[in-house]
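Undergrad: If you scroll down you'll find the structure; I have some questions about it.
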Amino acid sequence: MAGVIFNPDRTAVLLIKRRDVPVWVLPGGGIEPGELPQDAMVREIVEETGLTVKADRLVGIYTPINRLARRTKLYECTPIGGTLSLSDETGGVSFFHCSELPPLPPPYREWIDDAKAFGPPVIKPLSSVTYSALLLNLLRHPILVIRFLLARLGLAINT
């Protein structure tokens with residue numbers, strides 16, 4: 001599950017730079033046993049950004065088409081407390097103008113676009129997370145892809 005947080009006029013979005021795979025992404029993570037998805041999302045955002053948030057709406061439910069992705073719920077959130085800060089999981093936390101986003105791995109740009117559309121929740125496959133996209137990124141960014149694969153195997157490298 002993941003959360004998207006816009007600034008008040010919805011022109012910028014909060015991204016984190018992961019430590020294990022140093023790329024900019026939306027905050028989020030796994031759900032603990034017995035934990036509700038919204039509670040997990042709130043917990044993960046506090047852990048990764050320092051912000052306490054409330055879930056305003058379900059943006060979408062995304063289903064994997066292969067083993068590279070997991071079923072994910074995306075929530076739009078509003079900060080209600082806290083201060084932006086780094087953690088053991090984040091090497092950067094910053095708002096980016098929606099027209100000037102840093103390079104994002106799939107499917108984050110799609111998720112941001114779905115949240116900006118402010119429609120009813122979408123239910124769709126994660127069609128941008130493919131083996132061909134992984135291979136293309138391996139050719140372009142071999143170290144990042146190797147770190148991603150190691151993290152998926154539980155061998156995260158935090159630097």
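Simple scheme: letters A, B, ... for chains in structure tokens order, numbers from 1 for residues in each chain, numbers from 1 for ligands in the order shown.
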As number ranges by chain, please: the residues near range 44-61 of chain A (cut-off 7 Å, only C-alpha atoms, same-chain neighbours under 3 positions excluded).
TA: A: 27-29, 38, 40-41, 72-87, 89-90, 93, 114-115, 121-124
Undergrad: Go ahead and write the selection's residues with C-alpha atoms as an mmCIF file, in the first residue's frame.
TA:
```cif
data_model
loop_
_atom_site.group_PDB
_atom_site.id
_atom_site.type_symbol
_atom_site.label_atom_id
_atom_site.label_comp_id
_atom_site.auth_asym_id
_atom_site.auth_seq_id
_atom_site.Cartn_x
_atom_site.Cartn_y
_atom_site.Cartn_z
ATOM 1 C CA PRO A 27 5.790 6.619 0.713
ATOM 2 C CA GLY A 28 4.332 3.248 1.609
ATOM 3 C CA GLY A 29 5.126 -0.310 2.480
ATOM 4 C CA GLN A 38 -5.239 2.408 6.011
ATOM 5 C CA ALA A 40 -0.465 0.419 7.667
ATOM 6 C CA MET A 41 -0.312 3.359 5.293
ATOM 7 C CA THR A 72 -1.405 -2.433 -3.832
ATOM 8 C CA LYS A 73 -3.951 0.015 -2.490
ATOM 9 C CA LEU A 74 -3.185 3.698 -3.031
ATOM 10 C CA TYR A 75 -4.671 6.303 -0.687
ATOM 11 C CA GLU A 76 -4.685 10.069 -0.925
ATOM 12 C CA CYS A 77 -3.713 11.516 2.439
ATOM 13 C CA THR A 78 -3.653 14.840 4.259
ATOM 14 C CA PRO A 79 -0.986 15.711 6.845
ATOM 15 C CA ILE A 80 -2.434 16.393 10.308
ATOM 16 C CA GLY A 81 0.802 16.679 12.283
ATOM 17 C CA GLY A 82 4.509 15.991 12.471
ATOM 18 C CA THR A 83 7.485 17.462 10.681
ATOM 19 C CA LEU A 84 9.203 16.233 7.535
ATOM 20 C CA SER A 85 12.231 14.210 8.581
ATOM 21 C CA LEU A 86 14.501 11.429 7.385
ATOM 22 C CA SER A 87 14.489 7.901 8.784
ATOM 23 C CA GLU A 89 14.422 3.941 5.366
ATOM 24 C CA THR A 90 14.642 7.347 3.674
ATOM 25 C CA VAL A 93 11.868 13.567 1.760
ATOM 26 C CA ASP A 114 -4.637 8.699 -10.973
ATOM 27 C CA ALA A 115 -4.662 10.632 -7.694
ATOM 28 C CA PRO A 121 -11.325 4.556 -7.073
ATOM 29 C CA VAL A 122 -9.765 2.757 -10.016
ATOM 30 C CA ILE A 123 -9.198 -0.975 -10.152
ATOM 31 C CA LYS A 124 -6.605 -1.911 -12.708
#
```
Undergrad: What's the 7 Å shell around Leu104 in chain A, counting only C-alpha atoms, without same-chain residues fewer than 3 positions away, as a PyMOL selection string?
TA: chain A and resi 24-25+108-109
Undergrad: Write the residues of the preceding selection, restricted to N, CA and C atoms, as a compact mmCIF listing (two decimals), in the first residue's frame.
TA:
```txt
# COMPACT_ATOMS: atom_id res chain seq x y z
N TRP A 24 13.39 7.99 -6.09
CA TRP A 24 12.26 8.71 -5.53
C TRP A 24 10.99 7.94 -5.79
N VAL A 25 10.16 7.77 -4.77
CA VAL A 25 8.90 7.03 -4.86
C VAL A 25 7.89 7.65 -3.88
N TYR A 108 4.83 4.64 -10.31
CA TYR A 108 4.57 5.82 -9.47
C TYR A 108 3.99 7.01 -10.23
N ARG A 109 4.48 7.29 -11.42
CA ARG A 109 3.92 8.42 -12.18
C ARG A 109 2.44 8.16 -12.49
```
Undergrad: From range 6-142 of chain A, collect each residue whose DSSP state is strand (DSSP E) and return the set as a PyMOL selection string.
TA: chain A and resi 12-18+24-25+51-63+72-82+90-97+122-125
Undergrad: Running DSSP on the backbone, which parts of range 32-144 of chain A land in helix (DSSP H, G or I), as a PyMOL selection string?
TA: chain A and resi 37-49+108-117+131-140+142-144
Undergrad: Could you pull the residues within 6 Å of Val13 in chain A, counting only C-alpha atoms, minus those fewer than 6 positions along the same chain, as a ChimeraX atom specification?
TA: /A:5-6,95-96
Undergrad: Would you mind listing what lies within 12 Å of Pro107 in chain A as a count of residues only, with only C-alpha atoms counted and same-chain residues fewer than 6 positions away left out?
TA: 23
Undergrad: Would you tabulate, counting only C-alpha atoms, all residues of range 41-155 of chain A that have an atom at most 8 Å from an atom of range 18-21 of chain A, showing the closest pair of atoms and their distance in Å to one decimal, sorted by chain then ascending number, as a tab-separated table?
TA:
```
residue	atom	partner	partner_atom	distance
A:Asp88	CA	A:Arg19	CA	7.5
A:Glu89	CA	A:Arg19	CA	5.5
A:Thr90	CA	A:Arg18	CA	4.7
A:Gly91	CA	A:Arg19	CA	5.3
A:Gly92	CA	A:Arg18	CA	7.2
A:Leu144	CA	A:Val21	CA	6.0
A:Arg147	CA	A:Val21	CA	5.6
A:Phe148	CA	A:Val21	CA	5.8
A:Ala151	CA	A:Asp20	CA	6.9
```
Undergrad: Which of these residues is nearest to Leu136 in chain A, using only C-alpha atoms: A:Pro22, A:Pro8, A:Pro106, A:Gly119?
TA: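 The shortest atom-to-atom distance to Leu136 in chain A comes from A:Pro106.
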Undergrad: As an exercise, work out the distance from CA of Ile65 in chain A to CA of Asn137 in chain A in Å and give it to one decimal place.
TA: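 Between CA of Ile65 in chain A and CA of Asn137 in chain A the gap works out to 18.0 Å.
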